[in-house]
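Listing of run.cif, mmCIF, C-alpha atoms and all ligand atoms
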data_protein
loop_
_atom_site.label_atom_id
_atom_site.label_comp_id
_atom_site.auth_asym_id
_atom_site.auth_seq_id
_atom_site.Cartn_x
_atom_site.Cartn_y
_atom_site.Cartn_z
CA MET A 1 0.00 0.00 0.00
CA GLN A 2 1.14 3.56 -0.76
CA LYS A 3 2.68 5.44 2.17
CA THR A 4 2.96 9.17 2.77
CA ILE A 5 6.43 10.18 1.55
CA TYR A 6 7.99 13.25 3.18
CA THR A 7 10.75 14.72 1.00
CA GLY A 8 12.33 16.40 4.04
CA ASP A 9 11.76 19.87 2.56
CA ILE A 10 9.68 22.57 4.25
CA VAL A 11 8.06 25.19 1.98
CA GLN A 12 6.45 28.21 3.66
CA GLN A 13 6.42 26.43 7.04
CA THR A 14 4.61 23.48 5.44
CA PRO A 15 6.03 19.94 5.09
CA VAL A 16 6.53 18.75 1.51
CA ILE A 17 5.22 15.32 0.47
CA SER A 18 5.59 13.46 -2.82
CA ALA A 19 2.90 10.86 -2.00
CA LEU A 20 -0.10 10.85 0.34
CA SER A 21 -1.68 8.03 2.28
CA ILE A 22 -4.42 9.27 4.57
CA HIS A 23 -4.11 5.98 6.48
CA ASP A 24 -0.78 6.82 8.11
CA LEU A 25 -1.72 10.32 9.30
CA ASP A 26 -2.71 11.12 12.89
CA ASP A 27 -6.43 11.15 13.64
CA ASN A 28 -8.34 14.13 15.04
CA LYS A 29 -6.14 16.69 13.27
CA ILE A 30 -6.15 18.98 10.24
CA HIS A 31 -2.87 18.39 8.41
CA ARG A 32 -1.34 20.78 5.85
CA PHE A 33 1.07 19.71 3.13
CA MET A 34 2.74 21.00 0.00
CA PHE A 35 2.45 18.22 -2.57
CA GLN A 36 5.55 18.18 -4.78
CA SER A 37 4.62 17.77 -8.42
CA SER A 38 6.48 18.14 -11.74
CA GLN A 39 9.44 20.46 -12.28
CA MET A 40 9.66 23.79 -14.05
CA ASN A 41 12.25 24.43 -16.77
CA ILE A 42 14.48 25.95 -14.07
CA GLY A 43 14.51 22.69 -12.13
CA GLN A 44 12.34 23.88 -9.26
CA TYR A 45 9.15 22.11 -8.31
CA TRP A 46 5.50 23.01 -8.59
CA TYR A 47 3.73 22.59 -5.24
CA VAL A 48 0.04 21.95 -4.61
CA PRO A 49 -1.28 23.03 -1.17
CA VAL A 50 -3.30 20.24 0.47
CA PHE A 51 -5.42 20.04 3.62
CA VAL A 52 -6.23 16.65 5.14
CA ALA A 53 -8.77 16.69 7.98
CA LYS A 54 -8.73 13.34 9.74
CA GLY A 55 -11.67 12.78 12.00
CA LYS A 56 -11.57 11.42 15.51
CA LYS A 57 -13.52 8.41 14.27
CA PRO A 58 -12.84 6.32 11.15
CA GLY A 59 -15.02 6.54 8.04
CA LYS A 60 -14.97 7.25 4.33
CA SER A 61 -12.95 9.91 2.52
CA ILE A 62 -14.06 12.78 0.30
CA LEU A 63 -11.93 15.02 -1.92
CA LEU A 64 -12.74 18.71 -2.42
CA ASN A 65 -10.60 19.82 -5.33
CA THR A 66 -10.15 23.17 -7.03
CA GLY A 67 -7.74 25.12 -9.22
CA VAL A 68 -7.63 22.71 -12.16
CA HIS A 69 -8.34 25.80 -14.27
CA GLY A 70 -6.19 28.69 -13.10
CA ASP A 71 -8.66 31.53 -13.74
CA GLU A 72 -11.51 29.91 -11.73
CA LEU A 73 -11.13 31.12 -8.16
CA ASN A 74 -14.46 30.91 -6.27
CA GLY A 75 -13.78 27.27 -5.31
CA ALA A 76 -10.65 28.19 -3.36
CA ARG A 77 -12.68 30.33 -0.97
CA VAL A 78 -15.19 27.49 -0.52
CA ILE A 79 -12.47 25.03 0.51
CA GLN A 80 -10.68 27.57 2.75
CA LYS A 81 -13.93 28.37 4.58
CA ILE A 82 -14.92 24.72 4.96
CA PHE A 83 -11.58 23.84 6.54
CA GLU A 84 -11.79 26.93 8.77
CA SER A 85 -15.06 25.61 10.19
CA LEU A 86 -14.23 21.87 10.42
CA ASP A 87 -14.13 20.25 13.85
CA THR A 88 -12.26 16.94 13.70
CA GLU A 89 -13.73 15.94 17.10
CA ASN A 90 -17.07 15.59 15.30
CA LEU A 91 -15.75 14.27 11.99
CA LEU A 92 -16.08 10.65 10.88
CA GLY A 93 -13.52 9.80 8.21
CA THR A 94 -11.36 12.13 6.17
CA ILE A 95 -11.86 15.29 4.16
CA ILE A 96 -9.11 16.22 1.71
CA GLY A 97 -8.93 19.77 0.33
CA VAL A 98 -6.74 20.35 -2.71
CA LEU A 99 -6.20 24.02 -3.53
CA GLN A 100 -4.33 25.21 -6.62
CA ALA A 101 -4.48 21.82 -8.36
CA SER A 102 -2.76 23.37 -11.43
CA PRO A 103 -0.33 25.86 -9.87
CA ASN A 104 1.16 26.80 -13.25
CA SER A 105 -2.29 27.77 -14.58
CA LEU A 106 -3.06 29.80 -11.44
CA MET A 107 0.24 31.65 -11.73
CA HIS A 108 -0.83 32.69 -15.24
CA ILE A 109 -4.50 33.21 -14.18
CA SER A 110 -5.24 31.07 -17.20
CA LYS A 111 -7.45 28.17 -18.16
CA ASN A 112 -4.31 26.44 -19.46
CA TRP A 113 -1.03 25.08 -18.18
CA HIS A 114 1.72 27.04 -19.96
CA LEU A 115 4.60 24.86 -21.14
CA SER A 116 7.91 26.58 -21.89
CA THR A 117 9.57 24.01 -24.15
CA ASP A 118 9.99 24.81 -27.88
CA GLY A 119 8.78 28.38 -27.51
CA GLY A 120 5.73 27.50 -25.46
CA ASP A 121 2.57 25.44 -25.64
CA PHE A 122 -0.70 25.09 -23.74
CA GLU A 123 -2.62 22.24 -22.12
CA ASN A 124 -6.19 22.29 -20.79
CA MET A 125 -5.71 20.49 -17.45
CA ASN A 126 -9.33 19.34 -17.31
CA ARG A 127 -8.74 17.04 -20.29
CA MET A 128 -5.50 15.46 -19.05
CA TYR A 129 -6.50 12.92 -16.41
CA PRO A 130 -5.32 10.32 -15.42
CA GLY A 131 -2.15 11.82 -16.92
CA ASN A 132 0.95 10.20 -18.38
CA GLU A 133 4.17 9.35 -16.56
CA ASN A 134 6.11 9.82 -19.81
CA GLY A 135 4.25 12.90 -21.01
CA ASN A 136 5.10 16.59 -20.85
CA THR A 137 5.20 18.55 -17.59
CA ALA A 138 1.43 19.13 -17.57
CA SER A 139 0.59 15.51 -18.29
CA TYR A 140 3.14 14.30 -15.72
CA HIS A 141 1.64 16.70 -13.18
CA ALA A 142 -1.77 15.13 -13.85
CA TYR A 143 -0.23 11.66 -13.47
CA LEU A 144 1.28 12.58 -10.08
CA LEU A 145 -1.97 14.09 -8.75
CA TRP A 146 -3.96 11.08 -9.90
CA ASN A 147 -1.55 8.38 -8.69
CA LYS A 148 0.23 9.90 -5.69
CA LEU A 149 -2.38 12.22 -4.19
CA TRP A 150 -5.93 11.26 -5.15
CA LYS A 151 -6.61 7.75 -6.41
CA ASN A 152 -5.88 5.63 -3.34
CA ASN A 153 -7.27 8.12 -0.87
CA VAL A 154 -10.80 9.02 -1.92
CA ASP A 155 -14.31 7.52 -1.96
CA TYR A 156 -16.17 10.64 -3.22
CA VAL A 157 -15.10 13.71 -5.19
CA ILE A 158 -16.32 17.29 -5.64
CA ASP A 159 -14.35 19.34 -8.20
CA LEU A 160 -14.94 23.11 -8.03
CA HIS A 161 -14.76 25.25 -11.16
CA SER A 162 -16.35 28.38 -12.61
CA GLN A 163 -17.07 29.48 -16.15
CA SER A 164 -14.02 30.68 -18.16
CA THR A 165 -12.76 34.27 -18.34
CA ASP A 166 -15.24 36.56 -20.17
CA THR A 167 -18.20 34.19 -19.65
CA GLU A 168 -20.39 33.44 -16.66
CA TYR A 169 -22.48 30.63 -15.13
CA PRO A 170 -24.93 30.80 -12.22
CA LEU A 171 -24.33 28.25 -9.40
CA PHE A 172 -24.40 25.26 -11.69
CA VAL A 173 -23.62 21.55 -11.26
CA PHE A 174 -22.50 18.89 -13.73
CA ALA A 175 -23.38 15.36 -12.59
CA ASP A 176 -23.59 12.01 -14.34
CA TYR A 177 -27.03 10.75 -13.27
CA ARG A 178 -26.13 7.19 -14.32
CA ASN A 179 -24.22 7.21 -11.00
CA SER A 180 -26.97 7.34 -8.37
CA ILE A 181 -24.74 8.77 -5.60
CA ALA A 182 -23.50 11.52 -7.93
CA LYS A 183 -27.17 12.39 -8.61
CA GLU A 184 -27.91 12.55 -4.87
CA MET A 185 -24.84 14.71 -4.28
CA ALA A 186 -25.86 17.14 -7.06
CA GLU A 187 -29.38 17.53 -5.72
CA LEU A 188 -28.14 18.27 -2.18
CA ILE A 189 -26.70 21.54 -3.49
CA PRO A 190 -29.03 24.58 -3.55
CA ALA A 191 -27.77 25.40 -7.05
CA ASP A 192 -29.59 27.38 -9.72
CA GLN A 193 -29.17 24.76 -12.43
CA VAL A 194 -27.95 21.17 -12.86
CA LYS A 195 -26.90 19.42 -16.06
CA ASN A 196 -27.24 15.64 -16.11
CA ASP A 197 -24.09 15.02 -18.07
CA GLN A 198 -22.14 11.95 -19.21
CA GLY A 199 -18.94 13.94 -18.93
CA GLU A 200 -15.91 14.50 -21.11
CA LYS A 201 -12.83 12.32 -21.40
CA GLY A 202 -9.96 13.47 -19.22
CA THR A 203 -11.88 15.68 -16.80
CA VAL A 204 -11.35 15.12 -13.09
CA GLU A 205 -15.04 14.24 -12.60
CA THR A 206 -15.32 11.80 -15.51
CA THR A 207 -12.02 10.09 -14.73
CA PHE A 208 -13.21 9.36 -11.19
CA ILE A 209 -16.63 8.21 -12.44
CA GLU A 210 -14.85 5.84 -14.86
CA HIS A 211 -13.01 4.40 -11.84
CA GLY A 212 -16.28 3.82 -9.95
CA ILE A 213 -15.87 6.79 -7.59
CA PRO A 214 -18.92 9.14 -7.38
CA ALA A 215 -17.87 12.63 -8.49
CA ILE A 216 -19.55 15.89 -9.42
CA THR A 217 -18.37 19.26 -10.76
CA ILE A 218 -19.68 22.49 -9.25
CA GLU A 219 -19.41 25.56 -11.48
CA LEU A 220 -19.46 28.74 -9.41
CA GLY A 221 -20.33 31.77 -11.48
CA ALA A 222 -17.61 33.75 -13.19
CA ALA A 223 -13.83 33.45 -13.45
CA ARG A 224 -11.22 35.59 -11.64
CA THR A 225 -13.38 36.69 -8.72
CA PHE A 226 -15.00 35.74 -5.42
CA GLN A 227 -18.83 35.73 -5.51
CA ALA A 228 -20.23 35.45 -1.98
CA ASP A 229 -23.66 34.03 -2.83
CA TYR A 230 -22.23 31.17 -4.92
CA ILE A 231 -19.50 30.50 -2.35
CA ASN A 232 -22.00 30.40 0.53
CA ARG A 233 -24.54 28.20 -1.27
CA SER A 234 -21.76 25.78 -2.29
CA ILE A 235 -20.65 25.52 1.35
CA ILE A 236 -24.25 24.74 2.39
CA GLY A 237 -24.48 22.11 -0.36
CA ILE A 238 -21.15 20.51 0.53
CA LYS A 239 -22.12 20.35 4.22
CA ASN A 240 -25.39 18.69 3.12
CA ILE A 241 -23.28 16.14 1.21
CA PHE A 242 -21.05 15.58 4.27
CA THR A 243 -24.18 14.91 6.31
CA TYR A 244 -25.79 12.62 3.72
CA LEU A 245 -22.57 10.57 3.35
CA GLY A 246 -22.06 10.32 7.13
CA PHE A 247 -19.01 12.56 7.65
CA ILE A 248 -20.70 14.93 10.10
CA ASP A 249 -23.83 14.78 12.25
CA ASN A 250 -24.02 18.38 13.52
CA HIS A 251 -25.56 19.96 10.42
CA THR A 252 -29.23 20.02 9.41
CA ILE A 253 -30.14 19.77 5.74
CA THR A 254 -32.58 22.54 4.92
CA GLN A 255 -31.59 24.20 1.59
CA THR A 256 -31.30 21.80 -1.36
CA ALA A 257 -32.08 21.71 -5.08
CA LYS A 258 -35.71 21.12 -4.11
CA THR A 259 -36.06 24.25 -1.96
CA GLN A 260 -34.07 26.28 -4.51
CA ASN A 261 -36.32 25.11 -7.41
CA THR A 262 -33.16 24.15 -9.27
CA VAL A 263 -33.63 23.72 -13.02
CA VAL A 264 -32.36 20.28 -14.13
CA GLY A 265 -31.62 19.72 -17.80
CA ASP A 266 -30.25 16.89 -19.93
CA ASN A 267 -28.94 18.96 -22.83
CA MET A 268 -27.14 22.20 -23.59
CA TYR A 269 -27.18 24.27 -26.73
CA SER A 270 -24.57 26.97 -27.36
CA VAL A 271 -25.03 30.04 -29.57
CA LYS A 272 -21.54 30.87 -30.84
CA ALA A 273 -20.15 33.90 -32.65
CA LEU A 274 -19.96 33.61 -36.43
CA HIS A 275 -17.78 36.72 -36.77
CA GLY A 276 -15.29 38.78 -34.88
CA GLY A 277 -16.74 41.91 -33.30
CA TYR A 278 -18.57 43.43 -30.35
CA ALA A 279 -21.22 41.22 -28.78
CA GLU A 280 -24.39 42.54 -27.18
CA ILE A 281 -26.18 39.91 -25.09
CA LEU A 282 -29.96 40.35 -24.87
CA VAL A 283 -30.77 37.72 -22.22
CA LYS A 284 -29.82 37.08 -18.60
CA ILE A 285 -28.71 33.96 -16.77
CA GLY A 286 -31.73 32.06 -15.49
CA GLU A 287 -34.08 33.64 -18.06
CA LYS A 288 -36.51 31.30 -19.84
CA ILE A 289 -36.31 31.74 -23.59
CA THR A 290 -38.32 30.46 -26.52
CA SER A 291 -37.12 28.80 -29.71
CA GLY A 292 -36.36 31.45 -32.32
CA GLN A 293 -35.85 34.24 -29.77
CA ILE A 294 -33.06 36.68 -30.62
CA VAL A 295 -30.54 36.29 -27.78
CA ALA A 296 -27.51 38.27 -28.97
CA LYS A 297 -26.26 40.53 -31.70
CA GLN A 298 -22.84 41.37 -32.97
CA LEU A 299 -21.58 44.76 -34.13
CA ASN A 300 -18.66 45.87 -36.26
CA ALA A 301 -16.22 48.59 -35.26
CA PHE A 302 -18.67 51.32 -36.46
CA GLY A 303 -21.56 49.88 -34.44
CA ASP A 304 -23.45 48.44 -37.41
CA VAL A 305 -25.28 45.20 -36.62
CA ILE A 306 -23.52 42.44 -38.58
CA GLN A 307 -25.40 39.48 -37.13
CA GLU A 308 -28.44 38.75 -35.00
CA TYR A 309 -28.42 35.41 -33.19
CA ALA A 310 -31.58 33.40 -32.58
CA SER A 311 -31.68 30.37 -30.28
CA GLU A 312 -32.75 27.14 -31.96
CA GLN A 313 -33.84 25.81 -28.55
CA ALA A 314 -36.28 26.83 -25.87
CA GLY A 315 -34.87 26.53 -22.36
CA THR A 316 -33.12 28.34 -19.53
CA VAL A 317 -30.08 30.53 -20.05
CA VAL A 318 -27.18 28.86 -18.19
CA SER A 319 -24.27 30.94 -19.47
CA VAL A 320 -23.65 34.26 -21.16
CA ASN A 321 -20.58 35.97 -22.47
CA THR A 322 -19.49 38.95 -20.36
CA GLY A 323 -16.50 40.09 -22.45
CA ALA A 324 -17.80 42.44 -25.14
CA LEU A 325 -15.32 41.45 -27.86
CA ARG A 326 -15.77 37.99 -29.32
CA GLU A 327 -14.17 36.17 -32.20
CA LYS A 328 -15.63 33.43 -34.39
CA GLY A 329 -16.48 30.33 -32.35
CA GLY A 330 -16.67 32.23 -29.06
CA LEU A 331 -19.62 31.46 -26.77
CA LEU A 332 -22.39 34.08 -26.70
CA VAL A 333 -25.27 32.33 -24.92
CA ARG A 334 -25.72 28.74 -23.65
CA ILE A 335 -29.12 27.23 -23.00
CA LEU A 336 -29.97 24.32 -20.71
CA TYR A 337 -33.00 22.29 -21.76
ZN ZN A 401 -12.99 24.85 -15.16
#
Would it be possible to restate this file's structure as structure tokens?
Ligand SMILES: [Zn+2]
Amino acid sequence: MQKTIYTGDIVQQTPVISALSIHDLDDNKIHRFMFQSSQMNIGQYWYVPVFVAKGKKPGKSILLNTGVHGDELNGARVIQKIFESLDTENLLGTIIGVLQASPNSLMHISKNWHLSTDGGDFENMNRMYPGNENGNTASYHAYLLWNKLWKNNVDYVIDLHSQSTDTEYPLFVFADYRNSIAKEMAELIPADQVKNDQGEKGTVETTFIEHGIPAITIELGAARTFQADYINRSIIGIKNIFTYLGFIDNHTITQTAKTQNTVVGDNMYSVKALHGGYAEILVKIGEKITSGQIVAKQLNAFGDVIQEYASEQAGTVVSVNTGALREKGGLLVRILY
């Protein structure tokens, strides 16, 4: 069985590990580690900050993960606040909090991991899992997180994201309803919208689901910012999940998808820009729209309308573009139905 490996280094007062086993950590304690990952071109390491709260009593283990995309920041505040409020005396099992899962992407405040070799390249870290031991730095980083930090330590997973820079979601959950526990987890969150979704290859959520571990993705609003309402409702939802799965017994489930009248959809339809130019969005997140409704228009540099965009689907607006300049292929409006 994997053991926790301490490299002997201390980074910012925090012990460095290159492998984690929750089984050989002291009970009734919140541990902090820097997980040593792949190396930069200058030979120094990338470090991922990790909390491990081990309860006084044994039980299952759940991973709260964030920072896979480096411009999506709301999730960090959720995990920080949850660990601030955790009481290991009343915790059964283990809660792992991984902050800054892609430190390179966070440093660049970017969706991508920036590689420096051969003049530079980019990798979307939420398509890389379970990673490759013989791959580039980004893929090796994914391999190390999967094999040395996550895989042998977790029974349930919540991965926290937001929409990308210049676009916005409400509090929105992706969950694969073929996994009944993932469905339960999703509906314990007082989110605005849920998409029943079979996932995409290489995402954190889908890779865990493929390995039989219930996992969901929470999308909190917009990139690059802290949004208190989405942060607070996610914390309520995650505490509901802790209660439902038996990690804590001092929290009462009151706000859920049911009380929030969460819209659940099985499909999404995206209206994308056909040109470069200024985008004017005519609908709001959460708005119900009809098929054929004009949802956006695009203007040239002089302000002339060059394109009006109608939705081919009726449904609820789940995402809009917030950056006024868009190029061809850029998202304008996304509809859940
Ligand atoms: Zn993301």
> Counting only C-alpha atoms and all ligand atoms, which protein, DNA or RNA residues come within 8 Å of ligand ZN 401 (chain A), given as a ChimeraX atom specification?
Replying inline: /A:67-69,72,111,126,160-164,219
Would you give me, as a Markdown table, each residue of region 85-188 of chain A having an atom within 9 Å of an atom of region 319-332 of chain A, along with its shortest atom pair and that distance in Å to one decimal, using only C-alpha atoms and sorting by chain and residue number?
| residue | atom | partner | partner_atom | distance |
| --- | --- | --- | --- | --- |
| A:Gln163 | CA | A:Ser319 | CA | 8.1 |
| A:Thr165 | CA | A:Gly323 | CA | 8.0 |
| A:Asp166 | CA | A:Gly323 | CA | 4.4 |
| A:Thr167 | CA | A:Asn321 | CA | 4.1 |
| A:Glu168 | CA | A:Ser319 | CA | 5.4 |
| A:Tyr169 | CA | A:Ser319 | CA | 4.7 |
| A:Pro170 | CA | A:Ser319 | CA | 7.3 |
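The residue that comes closest to Thr206 (chain A), out of A:Ala138, A:Met128, A:Leu274, A:Leu92 and on the basis of all atoms listed in the file, is A:Met128.
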>> From the options A:Gly276, A:Gly202, A:Gly212, A:Pro49, which residue's atoms come nearest to Lys151 (chain A), counting all atoms listed in the file?
In response: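 Among A:Gly276, A:Gly202, A:Gly212, A:Pro49, it is A:Gly212 that comes nearest to Lys151 (chain A).
Going from CA of Asn124 (chain A) over to CA of Leu145 (chain A), you cover 15.2 Å.
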> Near region 299-310 of chain A, counting only C-alpha atoms, which residues have an atom at most 6 Å away, once you skip same-chain residues fewer than 6 positions from it, shown as a VMD selection string?
Replying inline: chain A and resid 277 to 278 292 to 293
>> Report as a PyMOL selection string all protein, DNA and RNA residues lying within 6 Å of region 236-245 of chain A, evaluated on only C-alpha atoms, omitting residues in the same chain fewer than 6 positions from it.
In response: chain A and resi 185+188-189+253
Please list as an mmCIF file with C-alpha atoms, in the frame of the given file every residue within 12 Å of Gln39 (chain A), counting only C-alpha atoms and excluding residues in the same chain fewer than 6 positions away.
data_model
loop_
_atom_site.group_PDB
_atom_site.id
_atom_site.type_symbol
_atom_site.label_atom_id
_atom_site.label_comp_id
_atom_site.auth_asym_id
_atom_site.auth_seq_id
_atom_site.Cartn_x
_atom_site.Cartn_y
_atom_site.Cartn_z
ATOM 1 C CA TYR A 45 9.150 22.110 -8.310
ATOM 2 C CA TRP A 46 5.500 23.010 -8.590
ATOM 3 C CA TYR A 47 3.730 22.590 -5.240
ATOM 4 C CA PRO A 103 -0.330 25.860 -9.870
ATOM 5 C CA ASN A 104 1.160 26.800 -13.250
ATOM 6 C CA LEU A 115 4.600 24.860 -21.140
ATOM 7 C CA SER A 116 7.910 26.580 -21.890
ATOM 8 C CA ASN A 136 5.100 16.590 -20.850
ATOM 9 C CA THR A 137 5.200 18.550 -17.590
ATOM 10 C CA ALA A 138 1.430 19.130 -17.570
ATOM 11 C CA SER A 139 0.590 15.510 -18.290
ATOM 12 C CA TYR A 140 3.140 14.300 -15.720
ATOM 13 C CA HIS A 141 1.640 16.700 -13.180
ATOM 14 C CA LEU A 144 1.280 12.580 -10.080
#
> Near Lys258 (chain A), counting all atoms listed in the file, which residues have an atom at most 12 Å away, once you skip same-chain residues fewer than 3 positions from it, shown as an MDAnalysis selection string?
Replying inline: chainID A and resid 184 186:194 237 253:255 261:264
Keeping only C-alpha atoms, take the residues you just selected and write them out as a tab-separated table (two decimals), keeping the file's coordinate frame.
chain	number	residue	atom	x	y	z
A	184	GLU	CA	-27.91	12.55	-4.87
A	186	ALA	CA	-25.86	17.14	-7.06
A	187	GLU	CA	-29.38	17.53	-5.72
A	188	LEU	CA	-28.14	18.27	-2.18
A	189	ILE	CA	-26.70	21.54	-3.49
A	190	PRO	CA	-29.03	24.58	-3.55
A	191	ALA	CA	-27.77	25.40	-7.05
A	192	ASP	CA	-29.59	27.38	-9.72
A	193	GLN	CA	-29.17	24.76	-12.43
A	194	VAL	CA	-27.95	21.17	-12.86
A	237	GLY	CA	-24.48	22.11	-0.36
A	253	ILE	CA	-30.14	19.77	5.74
A	254	THR	CA	-32.58	22.54	4.92
A	255	GLN	CA	-31.59	24.20	1.59
A	261	ASN	CA	-36.32	25.11	-7.41
A	262	THR	CA	-33.16	24.15	-9.27
A	263	VAL	CA	-33.63	23.72	-13.02
A	264	VAL	CA	-32.36	20.28	-14.13
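Taking all atoms listed in the file into account, Met125 (chain A) lies nearest to A:Gly70 out of the set A:Gly93, A:Gly8, A:Gly286, A:Gly70.
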>> Using only C-alpha atoms and a cutoff of 6 Å, can you tell me which residues are near (-12.5, 19.6, -7.1) in the file's coordinates, and write them out as JSON, numbers by chain?
In response: {"A": [64, 65, 66, 158, 159, 160]}
